[in-house]
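coords-v3.tsv (TSV, C-alpha atoms and all ligand atoms) appears below.
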chain	number	residue	atom	x	y	z
A	1	MET	CA	0.00	0.00	0.00
A	2	ALA	CA	2.54	2.62	1.05
A	3	SER	CA	4.90	1.74	-1.78
A	4	ALA	CA	7.36	4.38	-2.97
A	5	THR	CA	5.38	4.61	-6.22
A	6	LEU	CA	2.19	5.46	-4.35
A	7	GLU	CA	3.93	8.09	-2.25
A	8	ARG	CA	5.11	9.80	-5.40
A	9	ALA	CA	1.63	9.57	-6.94
A	10	GLU	CA	0.16	11.19	-3.84
A	11	ARG	CA	2.67	14.04	-4.04
A	12	PHE	CA	2.55	14.91	-7.74
A	13	ILE	CA	-0.81	14.00	-9.30
A	14	ALA	CA	-3.90	16.21	-8.94
A	15	HIS	CA	-6.35	14.69	-6.51
A	16	THR	CA	-9.28	14.46	-8.94
A	17	TYR	CA	-9.81	10.71	-8.53
A	18	LYS	CA	-10.56	8.53	-5.55
A	19	ARG	CA	-8.12	5.84	-6.57
A	20	ILE	CA	-7.53	2.31	-5.43
A	21	PRO	CA	-3.91	1.93	-4.29
A	22	LEU	CA	-2.82	-0.46	-7.02
A	23	VAL	CA	-0.08	0.24	-9.56
A	24	PHE	CA	-0.49	-1.78	-12.75
A	25	THR	CA	2.45	-2.59	-14.96
A	26	ARG	CA	1.23	-5.10	-17.54
A	27	GLY	CA	-1.87	-6.58	-19.14
A	28	SER	CA	-2.79	-9.42	-21.46
A	29	GLY	CA	-6.31	-10.37	-22.55
A	30	ALA	CA	-8.54	-10.07	-19.48
A	31	SER	CA	-5.61	-10.19	-17.04
A	32	LEU	CA	-3.73	-7.34	-15.35
A	33	TRP	CA	-0.59	-7.54	-13.19
A	34	ASP	CA	0.32	-5.04	-10.51
A	35	GLU	CA	3.85	-4.01	-9.56
A	36	THR	CA	4.10	-6.75	-6.95
A	37	GLY	CA	3.42	-9.32	-9.69
A	38	ARG	CA	-0.10	-10.15	-8.52
A	39	ARG	CA	-2.60	-11.08	-11.25
A	40	TYR	CA	-6.17	-9.76	-11.44
A	41	THR	CA	-9.05	-10.71	-13.75
A	42	ASP	CA	-10.29	-7.46	-15.18
A	43	PHE	CA	-14.07	-6.91	-15.21
A	44	VAL	CA	-13.58	-3.14	-15.57
A	45	ALA	CA	-11.52	-3.05	-18.80
A	46	GLY	CA	-10.55	0.58	-18.25
A	47	ILE	CA	-14.29	1.38	-17.85
A	48	ALA	CA	-15.59	-0.33	-21.00
A	49	VAL	CA	-12.56	0.79	-23.00
A	50	CYS	CA	-10.38	-2.29	-23.59
A	51	ASN	CA	-13.14	-4.29	-25.31
A	52	LEU	CA	-10.54	-6.44	-27.06
A	53	GLY	CA	-8.55	-6.92	-23.87
A	54	HIS	CA	-5.06	-5.75	-22.99
A	55	ALA	CA	-2.19	-5.94	-25.47
A	56	HIS	CA	-4.18	-7.62	-28.23
A	57	PRO	CA	-1.44	-8.89	-30.58
A	58	ARG	CA	-3.10	-7.65	-33.75
A	59	ILE	CA	-3.61	-4.15	-32.39
A	60	VAL	CA	-0.05	-4.11	-31.04
A	61	ARG	CA	1.20	-5.03	-34.51
A	62	ALA	CA	-0.98	-2.45	-36.33
A	63	LEU	CA	0.20	0.22	-33.90
A	64	GLY	CA	3.86	-0.78	-34.25
A	65	GLU	CA	3.68	-0.66	-38.03
A	66	GLN	CA	2.04	2.77	-38.03
A	67	ALA	CA	4.47	4.04	-35.36
A	68	GLU	CA	7.33	3.52	-37.78
A	69	LEU	CA	5.53	5.27	-40.63
A	70	LEU	CA	3.72	8.37	-39.41
A	71	TRP	CA	2.19	9.67	-36.18
A	72	HIS	CA	0.64	13.01	-36.92
A	73	VAL	CA	0.33	15.60	-39.66
A	74	SER	CA	-2.79	17.59	-38.55
A	75	ASN	CA	-6.13	17.82	-40.31
A	76	LEU	CA	-4.70	20.26	-42.85
A	77	TYR	CA	-4.01	17.06	-44.81
A	78	TYR	CA	-5.36	13.55	-45.30
A	79	THR	CA	-3.95	10.27	-44.02
A	80	ARG	CA	-4.95	6.76	-45.07
A	81	PRO	CA	-5.78	5.32	-41.62
A	82	GLN	CA	-8.26	8.14	-40.90
A	83	ILE	CA	-9.94	7.75	-44.31
A	84	GLU	CA	-10.21	3.97	-43.95
A	85	LEU	CA	-11.52	4.22	-40.39
A	86	ALA	CA	-14.22	6.72	-41.43
A	87	ALA	CA	-15.18	4.50	-44.37
A	88	TRP	CA	-15.44	1.45	-42.11
A	89	LEU	CA	-17.63	3.25	-39.56
A	90	VAL	CA	-19.93	4.59	-42.29
A	91	GLU	CA	-20.20	1.18	-43.95
A	92	HIS	CA	-21.11	-0.45	-40.62
A	93	SER	CA	-23.60	2.12	-39.28
A	94	PHE	CA	-26.53	4.36	-40.25
A	95	ALA	CA	-24.20	7.33	-40.69
A	96	ASP	CA	-22.80	9.02	-43.80
A	97	ARG	CA	-19.96	11.05	-42.26
A	98	VAL	CA	-17.60	10.92	-39.30
A	99	PHE	CA	-15.88	13.66	-37.31
A	100	PHE	CA	-12.93	12.50	-35.18
A	101	CYS	CA	-11.81	13.85	-31.82
A	102	ASN	CA	-10.11	12.55	-28.67
A	103	SER	CA	-12.66	11.70	-26.00
A	104	GLY	CA	-16.28	11.06	-25.22
A	105	ALA	CA	-16.89	14.55	-23.92
A	106	GLU	CA	-15.38	16.01	-27.06
A	107	ALA	CA	-17.60	13.80	-29.26
A	108	ASN	CA	-20.74	14.88	-27.37
A	109	GLU	CA	-19.58	18.49	-27.49
A	110	ALA	CA	-19.41	18.14	-31.29
A	111	ALA	CA	-22.87	16.56	-31.40
A	112	ILE	CA	-24.40	19.39	-29.35
A	113	LYS	CA	-22.72	22.00	-31.55
A	114	LEU	CA	-23.81	20.22	-34.74
A	115	ALA	CA	-27.45	20.02	-33.60
A	116	ARG	CA	-27.50	23.77	-32.91
A	117	LYS	CA	-25.71	24.63	-36.16
A	118	TYR	CA	-28.05	22.42	-38.19
A	119	PHE	CA	-31.11	24.42	-37.12
A	120	LYS	CA	-29.32	27.78	-37.46
A	121	ASP	CA	-28.46	26.88	-41.06
A	122	LYS	CA	-32.07	25.82	-41.67
A	123	GLY	CA	-33.25	29.27	-40.60
A	124	GLU	CA	-34.60	28.14	-37.22
A	125	PRO	CA	-32.17	29.85	-34.83
A	126	GLY	CA	-34.67	29.57	-31.96
A	127	ARG	CA	-34.27	25.79	-31.93
A	128	TYR	CA	-31.25	25.29	-29.73
A	129	ARG	CA	-32.44	23.44	-26.64
A	130	ILE	CA	-31.46	19.84	-25.90
A	131	VAL	CA	-33.64	17.47	-23.91
A	132	SER	CA	-31.47	15.14	-21.86
A	133	MET	CA	-32.15	12.43	-19.30
A	134	GLU	CA	-32.00	12.37	-15.52
A	135	LEU	CA	-29.09	10.20	-14.32
A	136	SER	CA	-27.39	10.50	-17.71
A	137	PHE	CA	-23.66	11.00	-18.09
A	138	HIS	CA	-22.23	12.80	-21.11
A	139	GLY	CA	-18.85	14.13	-20.00
A	140	ARG	CA	-17.05	16.78	-17.94
A	141	THR	CA	-16.58	19.72	-20.31
A	142	MET	CA	-18.91	22.65	-19.68
A	143	ALA	CA	-21.41	21.75	-22.44
A	144	THR	CA	-21.43	18.02	-21.71
A	145	LEU	CA	-21.65	18.67	-17.97
A	146	SER	CA	-24.62	20.91	-18.71
A	147	ALA	CA	-26.15	17.97	-20.61
A	148	THR	CA	-25.50	15.53	-17.77
A	149	GLY	CA	-28.40	14.63	-15.48
A	150	GLN	CA	-26.48	14.11	-12.24
A	151	GLU	CA	-26.16	16.93	-9.73
A	152	LYS	CA	-23.12	15.44	-8.00
A	153	VAL	CA	-20.84	16.00	-11.03
A	154	LYS	CA	-22.19	19.52	-11.69
A	155	HIS	CA	-21.75	20.80	-8.17
A	156	GLY	CA	-19.51	23.86	-7.91
A	157	PHE	CA	-19.37	24.74	-11.62
A	158	ASP	CA	-22.25	27.21	-11.96
A	159	PRO	CA	-23.26	28.88	-14.16
A	160	LEU	CA	-23.56	26.02	-16.61
A	161	LEU	CA	-24.51	26.37	-20.26
A	162	GLU	CA	-28.08	27.43	-20.91
A	163	GLY	CA	-30.47	25.33	-23.01
A	164	PHE	CA	-30.75	21.89	-21.41
A	165	ASP	CA	-33.96	20.30	-20.14
A	166	PHE	CA	-34.19	17.06	-18.19
A	167	VAL	CA	-36.76	14.28	-18.06
A	168	PRO	CA	-36.73	10.89	-16.33
A	169	PHE	CA	-35.14	8.18	-18.50
A	170	GLY	CA	-37.89	5.83	-19.66
A	171	ASP	CA	-40.78	8.30	-19.29
A	172	VAL	CA	-42.37	8.87	-22.72
A	173	GLU	CA	-45.03	11.30	-21.49
A	174	ALA	CA	-42.50	13.52	-19.71
A	175	LEU	CA	-40.47	13.64	-22.92
A	176	ARG	CA	-43.54	14.55	-24.97
A	177	ARG	CA	-44.19	17.49	-22.61
A	178	ALA	CA	-40.53	18.60	-22.63
A	179	ILE	CA	-40.16	18.78	-26.42
A	180	GLY	CA	-41.14	22.26	-27.59
A	181	LYS	CA	-40.64	24.78	-30.39
A	182	GLN	CA	-37.15	25.52	-29.09
A	183	THR	CA	-36.02	21.90	-28.94
A	184	ALA	CA	-33.24	20.98	-31.35
A	185	ALA	CA	-32.47	17.48	-30.13
A	186	VAL	CA	-33.07	14.70	-27.66
A	187	LEU	CA	-29.83	13.27	-26.27
A	188	LEU	CA	-29.62	9.90	-24.53
A	189	GLU	CA	-27.62	6.76	-23.86
A	190	PRO	CA	-29.53	3.69	-25.16
A	191	ILE	CA	-28.51	2.07	-21.86
A	192	GLN	CA	-27.38	4.37	-19.07
A	193	GLY	CA	-23.93	3.29	-17.91
A	194	GLU	CA	-22.77	5.60	-15.11
A	195	GLY	CA	-26.44	6.10	-14.20
A	196	GLY	CA	-26.62	2.50	-12.92
A	197	VAL	CA	-26.61	0.18	-15.98
A	198	ARG	CA	-30.22	1.11	-16.70
A	199	ARG	CA	-31.83	-0.45	-19.75
A	200	PRO	CA	-35.13	1.09	-20.90
A	201	GLU	CA	-38.41	-0.83	-21.17
A	202	PRO	CA	-39.05	-2.43	-24.58
A	203	GLY	CA	-40.55	0.13	-26.95
A	204	TYR	CA	-39.19	3.19	-25.16
A	205	LEU	CA	-36.50	4.10	-27.68
A	206	ALA	CA	-38.93	3.55	-30.58
A	207	ALA	CA	-41.37	5.91	-28.83
A	208	VAL	CA	-38.58	8.49	-28.42
A	209	ARG	CA	-37.78	8.20	-32.14
A	210	ALA	CA	-41.46	8.72	-33.00
A	211	LEU	CA	-41.70	11.82	-30.78
A	212	CYS	CA	-38.58	13.27	-32.41
A	213	ASP	CA	-39.97	12.63	-35.91
A	214	GLU	CA	-43.32	14.22	-35.03
A	215	ALA	CA	-41.63	17.35	-33.69
A	216	GLY	CA	-38.87	17.56	-36.31
A	217	VAL	CA	-36.25	17.16	-33.60
A	218	LEU	CA	-32.91	15.34	-33.95
A	219	LEU	CA	-32.20	12.16	-32.00
A	220	LEU	CA	-28.68	11.89	-30.56
A	221	PHE	CA	-27.45	8.58	-29.19
A	222	ASP	CA	-24.46	8.66	-26.87
A	223	GLU	CA	-22.99	5.19	-27.54
A	224	ILE	CA	-19.69	6.03	-25.91
A	225	GLN	CA	-20.14	3.20	-23.41
A	226	THR	CA	-22.60	0.96	-25.30
A	227	GLY	CA	-20.79	1.03	-28.66
A	228	MET	CA	-18.04	-1.10	-30.24
A	229	GLY	CA	-19.56	-4.46	-29.37
A	230	ARG	CA	-20.16	-3.82	-25.68
A	231	THR	CA	-23.82	-4.90	-25.81
A	232	GLY	CA	-23.25	-7.84	-28.18
A	233	THR	CA	-23.77	-5.97	-31.44
A	234	LEU	CA	-21.46	-3.34	-32.89
A	235	PHE	CA	-23.81	-0.59	-31.68
A	236	ALA	CA	-26.64	-0.92	-29.17
A	237	TYR	CA	-29.14	0.90	-31.41
A	238	GLU	CA	-29.15	-2.11	-33.76
A	239	GLN	CA	-30.76	-4.26	-31.05
A	240	PHE	CA	-33.46	-1.71	-30.29
A	241	GLY	CA	-34.36	-1.29	-33.96
A	242	VAL	CA	-34.10	2.49	-33.59
A	243	THR	CA	-31.75	4.63	-35.65
A	244	PRO	CA	-30.47	7.96	-34.35
A	245	ASP	CA	-29.55	11.00	-36.46
A	246	ILE	CA	-26.26	11.54	-34.67
A	247	MET	CA	-24.22	9.02	-32.66
A	248	THR	CA	-21.15	9.53	-30.52
A	249	LEU	CA	-18.42	6.97	-29.85
A	250	ALA	CA	-15.24	7.01	-27.77
A	251	LYS	CA	-14.18	4.61	-24.98
A	252	ALA	CA	-13.56	1.32	-26.86
A	253	LEU	CA	-13.09	2.84	-30.30
A	254	ALA	CA	-9.29	2.59	-30.18
A	255	ASN	CA	-9.21	0.02	-27.31
A	256	GLY	CA	-7.37	2.36	-24.92
A	257	LEU	CA	-5.82	5.02	-27.09
A	258	PRO	CA	-7.70	8.31	-26.81
A	259	MET	CA	-10.23	8.67	-29.61
A	260	GLY	CA	-13.77	9.97	-29.98
A	261	ALA	CA	-16.02	10.14	-33.01
A	262	MET	CA	-19.27	11.78	-33.98
A	263	LEU	CA	-21.25	10.09	-36.74
A	264	ALA	CA	-24.15	11.73	-38.56
A	265	ARG	CA	-26.44	11.47	-41.55
A	266	GLU	CA	-25.38	13.53	-44.56
A	267	GLU	CA	-28.09	16.19	-44.31
A	268	ILE	CA	-27.08	16.96	-40.72
A	269	ALA	CA	-23.32	16.54	-41.14
A	270	ALA	CA	-23.51	19.17	-43.90
A	271	ALA	CA	-23.94	21.84	-41.21
A	272	PHE	CA	-20.28	21.34	-40.30
A	273	GLY	CA	-18.57	23.05	-43.22
A	274	PRO	CA	-14.86	24.00	-43.39
A	275	GLY	CA	-13.86	25.94	-40.27
A	276	ALA	CA	-17.04	25.13	-38.31
A	277	HIS	CA	-15.39	22.68	-35.92
A	278	ALA	CA	-11.94	21.13	-35.44
A	279	SER	CA	-9.59	19.15	-33.23
A	280	THR	CA	-5.80	19.10	-33.56
A	281	PHE	CA	-5.39	15.45	-32.61
A	282	GLY	CA	-8.69	14.23	-34.08
A	283	GLY	CA	-8.18	11.09	-36.16
A	284	THR	CA	-4.41	11.25	-36.10
A	285	PRO	CA	-2.94	8.34	-38.15
A	286	ILE	CA	-1.38	6.54	-35.18
A	287	VAL	CA	-4.64	6.36	-33.22
A	288	SER	CA	-6.72	5.74	-36.35
A	289	ALA	CA	-4.53	2.75	-37.26
A	290	ALA	CA	-5.27	1.17	-33.86
A	291	ALA	CA	-9.00	1.94	-34.15
A	292	LEU	CA	-9.11	0.54	-37.68
A	293	GLU	CA	-7.64	-2.75	-36.45
A	294	VAL	CA	-10.22	-2.78	-33.60
A	295	CYS	CA	-12.97	-2.33	-36.20
A	296	ARG	CA	-11.59	-5.05	-38.46
A	297	ILE	CA	-11.41	-7.53	-35.58
A	298	LEU	CA	-14.96	-6.73	-34.47
A	299	GLY	CA	-16.11	-6.88	-38.10
A	300	GLU	CA	-14.97	-10.49	-38.40
A	301	GLY	CA	-17.82	-11.38	-36.05
A	302	GLU	CA	-16.30	-14.12	-33.83
A	303	ILE	CA	-15.74	-11.82	-30.87
A	304	LEU	CA	-19.28	-10.44	-31.02
A	305	ALA	CA	-20.66	-13.98	-31.21
A	306	HIS	CA	-18.50	-14.93	-28.22
A	307	ALA	CA	-19.64	-11.83	-26.31
A	308	ARG	CA	-23.30	-12.72	-26.86
A	309	LYS	CA	-22.76	-16.33	-25.80
A	310	VAL	CA	-20.76	-15.52	-22.71
A	311	SER	CA	-23.20	-12.73	-21.82
A	312	ALA	CA	-26.09	-15.21	-21.68
A	313	HIS	CA	-23.97	-17.39	-19.39
A	314	PHE	CA	-22.97	-14.40	-17.21
A	315	ARG	CA	-26.57	-13.25	-16.94
A	316	ALA	CA	-27.81	-16.69	-15.96
A	317	ARG	CA	-25.16	-16.88	-13.24
A	318	LEU	CA	-26.06	-13.40	-11.96
A	319	GLU	CA	-29.73	-14.40	-11.89
A	320	ALA	CA	-28.79	-17.48	-9.87
A	321	LEU	CA	-27.01	-15.16	-7.39
A	322	GLN	CA	-30.15	-13.05	-7.20
A	323	ALA	CA	-32.25	-16.13	-6.47
A	324	ARG	CA	-29.87	-17.20	-3.66
A	325	HIS	CA	-29.22	-13.86	-2.00
A	326	PRO	CA	-31.83	-11.47	-0.58
A	327	LEU	CA	-29.36	-8.58	-0.82
A	328	VAL	CA	-29.31	-8.83	-4.63
A	329	GLU	CA	-32.27	-6.85	-5.96
A	330	GLU	CA	-31.90	-6.89	-9.73
A	331	VAL	CA	-29.78	-8.06	-12.67
A	332	ARG	CA	-29.36	-5.28	-15.23
A	333	GLY	CA	-27.89	-4.54	-18.63
A	334	LEU	CA	-27.29	-6.06	-22.03
A	335	GLY	CA	-24.43	-7.96	-23.63
A	336	LEU	CA	-21.31	-7.44	-21.53
A	337	LEU	CA	-22.56	-4.23	-19.95
A	338	LEU	CA	-24.07	-5.91	-16.91
A	339	GLY	CA	-25.03	-4.74	-13.46
A	340	LEU	CA	-26.18	-6.15	-10.16
A	341	LYS	CA	-28.30	-3.81	-8.08
A	342	LEU	CA	-27.86	-4.46	-4.38
A	343	ALA	CA	-30.00	-3.52	-1.41
A	344	VAL	CA	-26.81	-2.34	0.32
A	345	ASP	CA	-23.68	-0.29	-0.39
A	346	GLY	CA	-21.63	-1.92	-3.17
A	347	GLU	CA	-18.14	-0.71	-2.17
A	348	PRO	CA	-17.35	-3.51	0.33
A	349	PHE	CA	-17.97	-6.04	-2.44
A	350	VAL	CA	-15.75	-4.18	-4.90
A	351	GLN	CA	-13.04	-4.40	-2.25
A	352	GLY	CA	-13.77	-8.04	-1.44
A	353	CYS	CA	-13.51	-8.96	-5.12
A	354	ARG	CA	-10.24	-7.07	-5.42
A	355	GLU	CA	-8.76	-8.92	-2.45
A	356	ALA	CA	-9.70	-12.15	-4.23
A	357	GLY	CA	-8.09	-11.00	-7.51
A	358	PHE	CA	-11.10	-9.62	-9.46
A	359	LEU	CA	-11.51	-6.02	-10.57
A	360	ILE	CA	-15.10	-4.76	-10.71
A	361	ASN	CA	-16.57	-1.35	-10.00
A	362	CYS	CA	-19.68	0.20	-8.54
A	363	VAL	CA	-21.95	2.94	-9.92
A	364	GLN	CA	-24.64	4.96	-8.14
A	365	GLY	CA	-23.49	3.56	-4.80
A	366	ASN	CA	-25.18	0.18	-5.01
A	367	VAL	CA	-24.93	-1.17	-8.57
A	368	LEU	CA	-21.99	-3.49	-9.21
A	369	ARG	CA	-20.97	-3.03	-12.85
A	370	PHE	CA	-19.32	-5.70	-14.97
A	371	VAL	CA	-17.74	-4.58	-18.26
A	372	PRO	CA	-15.00	-7.16	-18.95
A	373	PRO	CA	-13.14	-7.45	-22.25
A	374	LEU	CA	-15.48	-9.09	-24.79
A	375	LEU	CA	-13.12	-12.06	-24.99
A	376	ILE	CA	-13.63	-12.96	-21.31
A	377	ALA	CA	-13.89	-16.74	-20.78
A	378	ALA	CA	-16.86	-18.49	-19.15
A	379	GLU	CA	-14.45	-19.96	-16.54
A	380	GLU	CA	-13.30	-16.46	-15.57
A	381	ILE	CA	-16.94	-15.44	-15.12
A	382	ASP	CA	-17.61	-18.55	-13.01
A	383	ALA	CA	-14.65	-17.69	-10.77
A	384	LEU	CA	-15.99	-14.17	-10.18
A	385	ILE	CA	-19.49	-15.54	-9.46
A	386	ALA	CA	-18.07	-17.97	-6.88
A	387	CYS	CA	-16.25	-15.06	-5.24
A	388	LEU	CA	-19.40	-12.88	-5.14
A	389	ASP	CA	-21.44	-15.82	-3.84
A	390	GLY	CA	-19.04	-16.17	-0.89
A	391	LEU	CA	-18.98	-12.43	-0.21
A	392	PHE	CA	-22.79	-12.14	-0.28
A	393	GLU	CA	-23.15	-15.14	1.99
A	394	ARG	CA	-20.72	-13.68	4.50
A	395	ALA	CA	-22.47	-10.29	4.43
A	396	GLU	CA	-25.85	-11.93	5.03
A	397	ARG	CA	-24.46	-14.04	7.85
A	398	GLU	CA	-22.91	-10.96	9.50
A	399	LYS	CA	-26.19	-9.10	9.18
A	400	ARG	CA	-28.08	-11.94	10.90
A	401	SER	CA	-25.69	-12.26	13.83
B	501	LIG	C1	-17.37	7.82	-20.41
B	501	LIG	C2	-18.57	8.45	-21.02
B	501	LIG	C3	-18.52	9.77	-21.51
B	501	LIG	C4	-17.32	10.66	-21.35
B	501	LIG	O1	-16.21	10.21	-22.03
B	501	LIG	P1	-14.77	10.88	-21.73
B	501	LIG	O2	-13.87	10.20	-22.72
B	501	LIG	O3	-14.42	10.59	-20.31
B	501	LIG	O4	-14.90	12.33	-21.99
B	501	LIG	C5	-19.66	10.26	-22.12
B	501	LIG	N1	-20.77	9.52	-22.24
B	501	LIG	C6	-20.84	8.25	-21.79
B	501	LIG	C7	-22.10	7.46	-21.98
B	501	LIG	C8	-19.74	7.69	-21.15
B	501	LIG	O5	-19.84	6.44	-20.66

Please go through the file and, once you have read it, give me the structure as structure tokens.
Ligand SMILES: *Cc1c(COP(=O)(O)O)cnc(C)c1O
Amino acid sequence: MASATLERAERFIAHTYKRIPLVFTRGSGASLWDETGRRYTDFVAGIAVCNLGHAHPRIVRALGEQAELLWHVSNLYYTRPQIELAAWLVEHSFADRVFFCNSGAEANEAAIKLARKYFKDKGEPGRYRIVSMELSFHGRTMATLSATGQEKVKHGFDPLLEGFDFVPFGDVEALRRAIGKQTAAVLLEPIQGEGGVRRPEPGYLAAVRALCDEAGVLLLFDEIQTGMGRTGTLFAYEQFGVTPDIMTLAKALANGLPMGAMLAREEIAAAFGPGAHASTFGGTPIVSAAALEVCRILGEGEILAHARKVSAHFRARLEALQARHPLVEEVRGLGLLLGLKLAVDGEPFVQGCREAGFLINCVQGNVLRFVPPLLIAAEEIDALIACLDGLFERAEREKRS
């Protein structure tokens, strides 16, 4: 715990994170090793980032090859990896054009700007408001914080950006009332990640799409956490049968290198003409080469098929835990974005798992979240379940005595 490394971390790094005192040095697949050489099975994957696991040999090779060729030239010019990555994303989604940036917040920032610009260009400058969801998370920049439906992350940063309205996630009638003449777009995560792994009732997203169409309002899906195979398909919207007008990606796009993307239909993307928006590092060839390899691997289909299979297994095991333990209230999520809502604080279980060699995390205080690499093995899931089973049993025994 009080290693020399941790002392230095404490002294020199800004205290913006409540960190666990572990220093990781190496990863492979779904395994991580800390500086003492201890191995952990990783059910966090850098918060749904390393969807293809750590040090995937094909991504390592693609990155190495690009590293020897070219890292960066700016968006004054073209590079092949960026072009090929954009083409791949367009060919595998509803979208016609892609804008590249470096993070989720930056992708959502672009989406918010594009929605406003689209209506300005159409001669409807009064349409600038965005309807967003309670408990949503869209990032930490001023605009994306303004779009986020959680007070705890907004606290202390007033005044936020004007023009955001909030409704409960899953409430069609509240959304109908909130959409008005000034509304430009509805922004939501198809499944709320940070908000507690909340998946909407069947039909909700289709109803949202219908409301947007009726009112001539754009539909923005934040697939930063749900995208890139996390839910068992390339993008979550495919499973809900609902197509957005704009979609944002980041987290797993380059499997751990910083990259964000905003995808849009042609008519909307046209509002971003030369000079309208930019990012120095956006789509740089080195990061694009890694992302392109991620896309190619996912495009081959085996990993998605594995993710769906292993997700069904994981879910069944979580449901068995729920049946055995009164403190487990609900199994949540889709694909390998899974959650276990507890009747009690989740932190002791995060710690208990860590002591047993499993990394998990907790959102909203009492929802254990599991977002392992998509290549996680059924045996690794079974080992985690056995660990949780023991921890829940002990907690229930302690509560009784
Ligand atoms: C993580 C996340 C973001 C923010 O991404 P950053 O890269 O941290 O800016 C936005 N939206 C969702 C749904 C996320 O999960």

Residues at most 7 Å from ligand LIG 501 (chain B), using all atoms listed in the file? Could they come as a list in words?
Ser103, Gly104, Ala105, Glu106, Phe137, His138, Gly139, Arg140, Glu189, Gln192, Gly193, Glu194, Asp222, Glu223, Ile224, Gln225, Ala250 and Lys251 of chain A

I'd like the neighbourhood of Ile286 (chain A) as a short mmCIF file (atom, residue, chain, number, x, y, z; two decimals) with C-alpha atoms, keeping the file's coordinate frame, where a residue qualifies if any of its atoms comes within 12 Å (using all atoms listed in the file), though same-chain residues fewer than 2 positions away should be ignored.
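So the final result, stored in result09.cif, reads:
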data_model
loop_
_atom_site.label_atom_id
_atom_site.label_comp_id
_atom_site.auth_asym_id
_atom_site.auth_seq_id
_atom_site.Cartn_x
_atom_site.Cartn_y
_atom_site.Cartn_z
CA ILE A 59 -3.61 -4.15 -32.39
CA VAL A 60 -0.05 -4.11 -31.04
CA ARG A 61 1.20 -5.03 -34.51
CA ALA A 62 -0.98 -2.45 -36.33
CA LEU A 63 0.20 0.22 -33.90
CA GLY A 64 3.86 -0.78 -34.25
CA GLU A 65 3.68 -0.66 -38.03
CA GLN A 66 2.04 2.77 -38.03
CA ALA A 67 4.47 4.04 -35.36
CA GLU A 68 7.33 3.52 -37.78
CA LEU A 69 5.53 5.27 -40.63
CA LEU A 70 3.72 8.37 -39.41
CA TRP A 71 2.19 9.67 -36.18
CA HIS A 72 0.64 13.01 -36.92
CA VAL A 73 0.33 15.60 -39.66
CA SER A 74 -2.79 17.59 -38.55
CA THR A 79 -3.95 10.27 -44.02
CA ARG A 80 -4.95 6.76 -45.07
CA PRO A 81 -5.78 5.32 -41.62
CA GLN A 82 -8.26 8.14 -40.90
CA LEU A 85 -11.52 4.22 -40.39
CA ALA A 254 -9.29 2.59 -30.18
CA LEU A 257 -5.82 5.02 -27.09
CA PRO A 258 -7.70 8.31 -26.81
CA MET A 259 -10.23 8.67 -29.61
CA PHE A 281 -5.39 15.45 -32.61
CA GLY A 282 -8.69 14.23 -34.08
CA GLY A 283 -8.18 11.09 -36.16
CA THR A 284 -4.41 11.25 -36.10
CA SER A 288 -6.72 5.74 -36.35
CA ALA A 289 -4.53 2.75 -37.26
CA ALA A 290 -5.27 1.17 -33.86
CA ALA A 291 -9.00 1.94 -34.15
CA LEU A 292 -9.11 0.54 -37.68
CA GLU A 293 -7.64 -2.75 -36.45
#

Please provide the set of residues having any atom within 12 Å of Thr41 (chain A), restricted to all atoms listed in the file, with same-chain residues fewer than 3 positions apart removed, written as a PyMOL selection string.
chain A and resi 27-34+38+44-45+53-54+353-360+370-373+376-377+379-384+387

Just to be explicit: take each residue in the selection above, keep C-alpha atoms, and write the result as a compact mmCIF listing (two decimals), in the coordinates of the input.
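Ended up saving to part_31.txt:
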# COMPACT_ATOMS: atom_id res chain seq x y z
CA GLY A 27 -1.87 -6.58 -19.14
CA SER A 28 -2.79 -9.42 -21.46
CA GLY A 29 -6.31 -10.37 -22.55
CA ALA A 30 -8.54 -10.07 -19.48
CA SER A 31 -5.61 -10.19 -17.04
CA LEU A 32 -3.73 -7.34 -15.35
CA TRP A 33 -0.59 -7.54 -13.19
CA ASP A 34 0.32 -5.04 -10.51
CA ARG A 38 -0.10 -10.15 -8.52
CA VAL A 44 -13.58 -3.14 -15.57
CA ALA A 45 -11.52 -3.05 -18.80
CA GLY A 53 -8.55 -6.92 -23.87
CA HIS A 54 -5.06 -5.75 -22.99
CA CYS A 353 -13.51 -8.96 -5.12
CA ARG A 354 -10.24 -7.07 -5.42
CA GLU A 355 -8.76 -8.92 -2.45
CA ALA A 356 -9.70 -12.15 -4.23
CA GLY A 357 -8.09 -11.00 -7.51
CA PHE A 358 -11.10 -9.62 -9.46
CA LEU A 359 -11.51 -6.02 -10.57
CA ILE A 360 -15.10 -4.76 -10.71
CA PHE A 370 -19.32 -5.70 -14.97
CA VAL A 371 -17.74 -4.58 -18.26
CA PRO A 372 -15.00 -7.16 -18.95
CA PRO A 373 -13.14 -7.45 -22.25
CA ILE A 376 -13.63 -12.96 -21.31
CA ALA A 377 -13.89 -16.74 -20.78
CA GLU A 379 -14.45 -19.96 -16.54
CA GLU A 380 -13.30 -16.46 -15.57
CA ILE A 381 -16.94 -15.44 -15.12
CA ASP A 382 -17.61 -18.55 -13.01
CA ALA A 383 -14.65 -17.69 -10.77
CA LEU A 384 -15.99 -14.17 -10.18
CA CYS A 387 -16.25 -15.06 -5.24

Considering all atoms listed in the file, can you say which of A:Ala343, A:Leu253, A:Gly352, A:Glu393 comes closest to His325 (chain A)?
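Nearest candidate to His325 (chain A) out of A:Ala343, A:Leu253, A:Gly352, A:Glu393: A:Glu393.
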
Can you work out which one of A:Gly196, A:Gly275, A:Pro190, A:Gly301 has the shortest atom-to-atom distance to Leu342 (chain A), counting all atoms listed in the file?
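Result for the nearest residue to Leu342 (chain A): A:Gly196.
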